[in-house]
Structures are given as C-alpha cells and as structure tokens.
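Note sheet for the following structure.
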Amino acid sequence: MSDHDDHEVREYNGIRLERIREHVWEIPREGGMNVPARVLASEALLEQIGDDKTLQQLRNATHLPGIADRAICMPDGHQGYGFPVGGVGATDVETGCISPGAIGYDINCGVRMMRTNLTYDDVVGHEEELVDALFANVPSGLGGGGIVEADRGTLEAILNRGVDWALEHGYAVEDDLAHCEDEGMRPDADPDAVSQKAKDRGKNQIGSLGSGNHFLEVQRVTDIFRPEVATEFGLEADQIVVLIHCGSRGLGHQICTDYLRRIEQEHGDLLAELPDKELAAAPAGSELAEEYYGAMCAAINFAWVNRQLIMHRTRRVFERVFDREWESMEMELLYDVAHNIGKKEVHEVGVDAEGRPAAPDDAVDRTERELYVHRKGATRAFPAGRPELPAAYRDVGQPIIIPGSMGAGSYVLRGGEESMAVSFGSTAHGAGRTMSRTQAKNEYWGETVQEELRDQEKIYVKAQSGATVAEEAPGVYKSVDEVVRVSDELGIGDKVARTFPVCNIKG
DNA sequence: ATGTGC
C-alpha cells in the first residue's frame, strides 16, 4: 500500500503518535507510562479518534500498575469514563490491579445473533406486524420491567449460574449454552459481593433491552466474504437473522458505582498515583479487587440471562407472526459475545527478570501470565485452537458480532490469527459515535429519522422515545465498514458476513 | 450505559 515517510507522525492535542505499520500507531512510552500505547486505526479513523479525550485516556491507562505489553485502542474508539470505549488493557492478576472504569458501567454489554431459516422474501410484507409484535412483547426503555421478576433466591441463582438457570427454567435449550461466550456462565461470580441496592435495581429488569444504543434488530444477510467460514456459522445470503444488543441494566451500573466509591475510600494511595481519578483501580490481591471481580462476574451472568430471555421471547413472537414452531424456523443461537468485560485470561507477555510484566523495551523474556484483560467496548476475538472456544468453533475461530447503526447493518467476523499477538485476542465492538447525544438531538428529529429509514431503506424502527431515535440516528455513527475493514486487514477479526436492518426496536 | 443529578 502507500507508504509516505512524511506521514509517519501525527499529533493531536499534544499527543504524538508514530506509525509502526499499516493501521498501527504508537504513543511512545515516557514519563509515568509503564508501557507504550497503540491505536489500531486507518488514517481516516485516527482523525476522528484524535478529536476528543480518547488518546489522553489511552495514555493514562498505561499508568495502571502491572499493565502488560501495551494499552490498545480499537478502530471504533472514543472517549469514555476514565478509559476509552474501544480500549483494551491487560494487568497482572498478582502484581497489577483491576479498574472498573476500564470495564465500563454496563458490565457485559454485548451482542448475540440468532439465525433463522427464513429468507427476506418470507418477511417482506410482514415488517409492520413483526416490529409491532416485537415491540409489544420485548420490554424496552428505562422503566417498564422485564420478562421475569426475580425473588431473592431466583436472583441469587441467576447471578451464580447465568444461562444454566435459564435452561433449568425452560428459557433456554442446551444448544444455547454451547453457543455463548463462556457457555453463558462465569464461574467466579460472587452474589454476596453485589450490594442489595444493585440487586434491587436488577430484580425486575431481567429480560429487558433498556435504552440508549441497545436494540433488537431483525436483519437480512446481504454479503458473504468467507464462504467456508460462513457455512460453519450457518450463514448464507438473504437469510433472516436477529441481533440482540443489551447489557446488565441497573444492576451492572450500580456495581460499577459501588466499587468506584469503595476504591476511593479504601485505596486512596493507589488512586493518588493515577493520572485520572476516573481510572480508579483496586490493587491485585486486595480483598476489594476480589470482591469487585466476583460482583462483576455476577453482573456478567445477569446480562447473559437478560439476552437469553429476550431471545426466548423473540422465538415466541416469531412463532405467532409466522404461525410455525421456532424449531422449524431453525431459530438457533449463532453466538453471544460480551464487549464490556474484565476476565482472567492467560497471555504471553514481556516480563522483567522477576517474571513480572514489563514494557517491551525493558522485557528480558516473554512468558505466559494470568492477566485481568479489560475489554471496554472491545470484543474477544480468539482464533481457532484456543481452548476457551466451544467445540462448534474451536477449529474455525470464534464468531465476532459487530453491530453498526440502525441504518447501516452489522458484521459477523471470525477471530483472526493475529489477534493474540496484536490485541490480547480482541477486536472492535461497533461503529463508534461521532457526536454526543445532546448534539445528536439538535441535529435530528426522531420521527423524521424513522420516516426516512422506512421510505428510503425499508427499515422499520419502533422506539419508546423519539429522542432515543434521534440520539441513535445513523448519521451520528462512524462507518462500521471502515472499522471492520481495519480489523480484517490487521488479521485480528476476519470479515465473514454483512447484514442489513429490516426491523429495529429500541428504548 | 444509567431511577441521566454532590
């Protein structure tokens, strides 16, 4: 491709980046940085990333104790609370730390895709009926309750066992568990570490989309890029699929709030050393780090049950609208991926003479270490062969689902061979916003957006609030095509298929 | 993202 020497350095808000190779930009280590940072982006995407506080937050993340190799920003990165959305940072579980802000308020926000054997022709003419039925049956918006109301014991079981609870109670089939990241259950969950306030907020939100960028979308497959992988994933052109994007609602949000406050109270010493209070972290090995990890894992399980119940309800809605059993429509889960998560994983990293993570310049060896991998607005992208992958995908690489805006459609990718070396086995998670919600509401009017999508694109959108439609207008997002192109060209997540929206319901 | 707020 084009290599221009005079384009090798960029500077945004006083932060200098050096171009390492195509789509890889490095902030060299200096001052209090423990490691360098890298941005994975095309020139066009880097321009947008340089706009706000993203690079500052990425550089701040390199100050986290025990951070390994480098902090990384994905092509869809933008500023978040303390740490970029689209950021990945891996810290040593013995000598490092865990940072709630580097995981996100919406713990296990994520996406699942369900296949069907319907084609677009089967749905044309039924869009309004379908979108109305979905909207009437899948709870969305800020209030409104969920699909099940949990008593104390039920919530405890959900937090402990995730989708395994849903299986026991008829909301899932065995096959659903086999097609979910971690089989829909994080074993390290500790419900006792979840405050009563968090539990109270979550108990009537199980099976609800929430608001903001969360949605349920019926889509059609428009493009297949790797036919042999698409076949393994059960995808083909013209097929109807369903995408569900939501997280852990008030429960995860409250856990993040609770632990940020406790870190401030109990670990002010570490906090004082960090460049931003929002990056607050609990030292590895502390009681608080263990409690937060246990609570966070419980929220992970909660979010998986949330998406499972919504999928279960969606199957029922399709049964009524198309007057067939869901099994005969082959409404099977393709995969469920988390994109706001912290997880203990083993990776090969640079280490010093004592075997502790060290910057590439100081490392005397590379060895396997157990790390807290913080993925905030980033998706796990493990390639073929990783033992964490379910049997169905172990030989082909994990499916990765990257939702675009409600006017753009989404992508299915496959975990790329380079992801372990480049990004701790991670890739992007979406298109990334280009403007604030407030700005979006000034630029767009919800009803107009809906009419244009229907009349020009045959996309049927139904929402609780017109303001939400304006905030999520297609024009407020970066190009998902460009984000995915970078992932594909870096070899961290390979393009498999593209979809286009048919019906969309949201808060 | 979020019963959108110290």
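Each chain in the structure tokens gets a letter, A, B, ..., in the order shown, and its residues are numbered from 1; ligands are numbered from 1 in order too.
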Interface residues on chain B facing chain A, 8 Å, only C-alpha atoms (C1' of nucleotides), written as a list in words
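Here is what falls inside 8 Å: DA1, DT2 and DG3 of chain B.
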For the selection you just gave me, I'd like the residues written to a file as a PDB file, in the first residue's frame, keeping all heavy atoms.
ATOM      1  P    DA B   1     -25.885   3.677  24.587  1.00  0.00           P
ATOM      2  OP1  DA B   1     -27.167   3.568  24.066  1.00  0.00           O
ATOM      3  OP2  DA B   1     -24.640   4.026  24.123  1.00  0.00           O
ATOM      4  O5'  DA B   1     -25.941   3.452  26.154  1.00  0.00           O
ATOM      5  C5'  DA B   1     -26.656   2.345  26.646  1.00  0.00           C
ATOM      6  C4'  DA B   1     -26.117   1.954  27.983  1.00  0.00           C
ATOM      7  O4'  DA B   1     -24.926   2.698  28.211  1.00  0.00           O
ATOM      8  C3'  DA B   1     -27.046   2.274  29.151  1.00  0.00           C
ATOM      9  O3'  DA B   1     -27.833   1.120  29.425  1.00  0.00           O
ATOM     10  C2'  DA B   1     -26.077   2.513  30.285  1.00  0.00           C
ATOM     11  C1'  DA B   1     -24.821   2.982  29.596  1.00  0.00           C
ATOM     12  N9   DA B   1     -24.604   4.419  29.717  1.00  0.00           N
ATOM     13  C8   DA B   1     -24.850   5.407  28.816  1.00  0.00           C
ATOM     14  N7   DA B   1     -24.527   6.600  29.234  1.00  0.00           N
ATOM     15  C5   DA B   1     -24.040   6.382  30.515  1.00  0.00           C
ATOM     16  C6   DA B   1     -23.538   7.244  31.499  1.00  0.00           C
ATOM     17  N6   DA B   1     -23.423   8.556  31.327  1.00  0.00           N
ATOM     18  N1   DA B   1     -23.142   6.687  32.663  1.00  0.00           N
ATOM     19  C2   DA B   1     -23.265   5.360  32.817  1.00  0.00           C
ATOM     20  N3   DA B   1     -23.719   4.461  31.966  1.00  0.00           N
ATOM     21  C4   DA B   1     -24.087   5.042  30.829  1.00  0.00           C
ATOM     22  P    DT B   2     -29.292   1.162  29.951  1.00  0.00           P
ATOM     23  OP1  DT B   2     -29.745  -0.179  30.335  1.00  0.00           O
ATOM     24  OP2  DT B   2     -30.049   1.952  28.980  1.00  0.00           O
ATOM     25  O5'  DT B   2     -29.106   2.037  31.274  1.00  0.00           O
ATOM     26  C5'  DT B   2     -28.469   1.501  32.424  1.00  0.00           C
ATOM     27  C4'  DT B   2     -28.597   2.541  33.501  1.00  0.00           C
ATOM     28  O4'  DT B   2     -27.514   3.482  33.377  1.00  0.00           O
ATOM     29  C3'  DT B   2     -29.818   3.420  33.358  1.00  0.00           C
ATOM     30  O3'  DT B   2     -31.005   2.752  33.729  1.00  0.00           O
ATOM     31  C2'  DT B   2     -29.404   4.607  34.228  1.00  0.00           C
ATOM     32  C1'  DT B   2     -27.923   4.752  33.839  1.00  0.00           C
ATOM     33  N1   DT B   2     -27.707   5.764  32.762  1.00  0.00           N
ATOM     34  C2   DT B   2     -26.956   6.873  33.064  1.00  0.00           C
ATOM     35  O2   DT B   2     -26.479   7.059  34.165  1.00  0.00           O
ATOM     36  N3   DT B   2     -26.811   7.750  32.028  1.00  0.00           N
ATOM     37  C4   DT B   2     -27.328   7.631  30.740  1.00  0.00           C
ATOM     38  O4   DT B   2     -27.129   8.500  29.912  1.00  0.00           O
ATOM     39  C5   DT B   2     -28.107   6.439  30.498  1.00  0.00           C
ATOM     40  C7   DT B   2     -28.709   6.226  29.129  1.00  0.00           C
ATOM     41  C6   DT B   2     -28.247   5.564  31.511  1.00  0.00           C
ATOM     42  P    DG B   3     -31.565   2.572  35.240  1.00  0.00           P
ATOM     43  OP1  DG B   3     -30.525   2.603  36.234  1.00  0.00           O
ATOM     44  OP2  DG B   3     -32.367   1.479  34.924  1.00  0.00           O
ATOM     45  O5'  DG B   3     -32.577   3.786  35.450  1.00  0.00           O
ATOM     46  C5'  DG B   3     -32.128   5.022  35.855  1.00  0.00           C
ATOM     47  C4'  DG B   3     -33.279   5.695  36.574  1.00  0.00           C
ATOM     48  O4'  DG B   3     -33.850   4.791  37.546  1.00  0.00           O
ATOM     49  C3'  DG B   3     -32.820   6.878  37.447  1.00  0.00           C
ATOM     50  O3'  DG B   3     -32.726   8.025  36.634  1.00  0.00           O
ATOM     51  C2'  DG B   3     -33.985   6.989  38.440  1.00  0.00           C
ATOM     52  C1'  DG B   3     -34.470   5.544  38.560  1.00  0.00           C
ATOM     53  N9   DG B   3     -34.156   4.918  39.877  1.00  0.00           N
ATOM     54  C8   DG B   3     -35.067   4.552  40.855  1.00  0.00           C
ATOM     55  N7   DG B   3     -34.543   4.024  41.925  1.00  0.00           N
ATOM     56  C5   DG B   3     -33.189   4.044  41.652  1.00  0.00           C
ATOM     57  C6   DG B   3     -32.095   3.594  42.426  1.00  0.00           C
ATOM     58  O6   DG B   3     -32.110   3.073  43.562  1.00  0.00           O
ATOM     59  N1   DG B   3     -30.888   3.784  41.800  1.00  0.00           N
ATOM     60  C2   DG B   3     -30.752   4.341  40.558  1.00  0.00           C
ATOM     61  N2   DG B   3     -29.502   4.457  40.135  1.00  0.00           N
ATOM     62  N3   DG B   3     -31.745   4.753  39.804  1.00  0.00           N
ATOM     63  C4   DG B   3     -32.932   4.578  40.394  1.00  0.00           C
TER      64       DG B   3
END
Next on the checklist: With only C-alpha atoms (C1' of nucleotides) as the counted atoms, please give the residues lying no more than 7 Å from segment 345-353 of chain A, apart from itself and same-chain residues fewer than 3 positions off, as a PyMOL selection string.
Outcome noted: chain A and resi 68-69+356-360+362-373
| request: Might you pull out every residue within 6 Å of Ala378 of chain A, with only C-alpha atoms (C1' of nucleotides) counted and same-chain residues fewer than 2 positions away left off, and present them as a list of chain:residue names? | output: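 Result of the neighbour search: A:Gly86, A:His339, A:Arg375, A:Lys376, A:Thr427, A:Ala428, A:His429.
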Please compute the atom CA of Thr257 of chain A-atom CA of Met33 of chain A distance, one decimal, in Å.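 Result for atom CA of Thr257 of chain A versus atom CA of Met33 of chain A: 26.5 Å, one decimal.
Of note, atom CA of Ala193 of chain A and atom CA of Glu156 of chain A are spaced 11.3 Å apart.
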Name all residues at most 12 Å from His312 of chain A (count only C-alpha atoms (C1' of nucleotides); drop same-chain ones fewer than 5 positions away) and give them as an MDAnalysis selection string. chainID A and resid 114 134 137:138 147:148 163 166:167 169:173 176 207:208 242 244 305:307 317:319 326:327 331:333
Taking only C-alpha atoms into account, name the residue in A:Asn117, A:Asn60, A:Gln205, A:Gln450 that is nearest to Ile240 of chain A.
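Between A:Asn117, A:Asn60, A:Gln205, A:Gln450, the residue approaching Ile240 of chain A most closely is A:Asn117.
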Review point. Which residues in segment 25-154 of chain A does DSSP call strand (DSSP E)? List them as a PyMOL selection string.
Key: chain A and resi 25-27+37-40+71-78+85-92+97-98+110-119
I need the helix (DSSP H, G or I) residues of segment 183-314 of chain A per DSSP on the backbone, written as a VMD selection string.
chain A and resid 183 to 184 191 to 193 196 to 202 227 to 233 249 to 266 268 to 273 277 to 279 287 to 314
Closest of A:Leu177, A:Ala384, A:Ala157, A:Cys503 to Gly397 of chain A, counting only C-alpha atoms, is A:Ala384
One residue among A:Gly162, A:Gly145, A:Gly202, A:Pro390 is nearest to Ala189 of chain A when using only C-alpha atoms, and that residue is A:Gly162
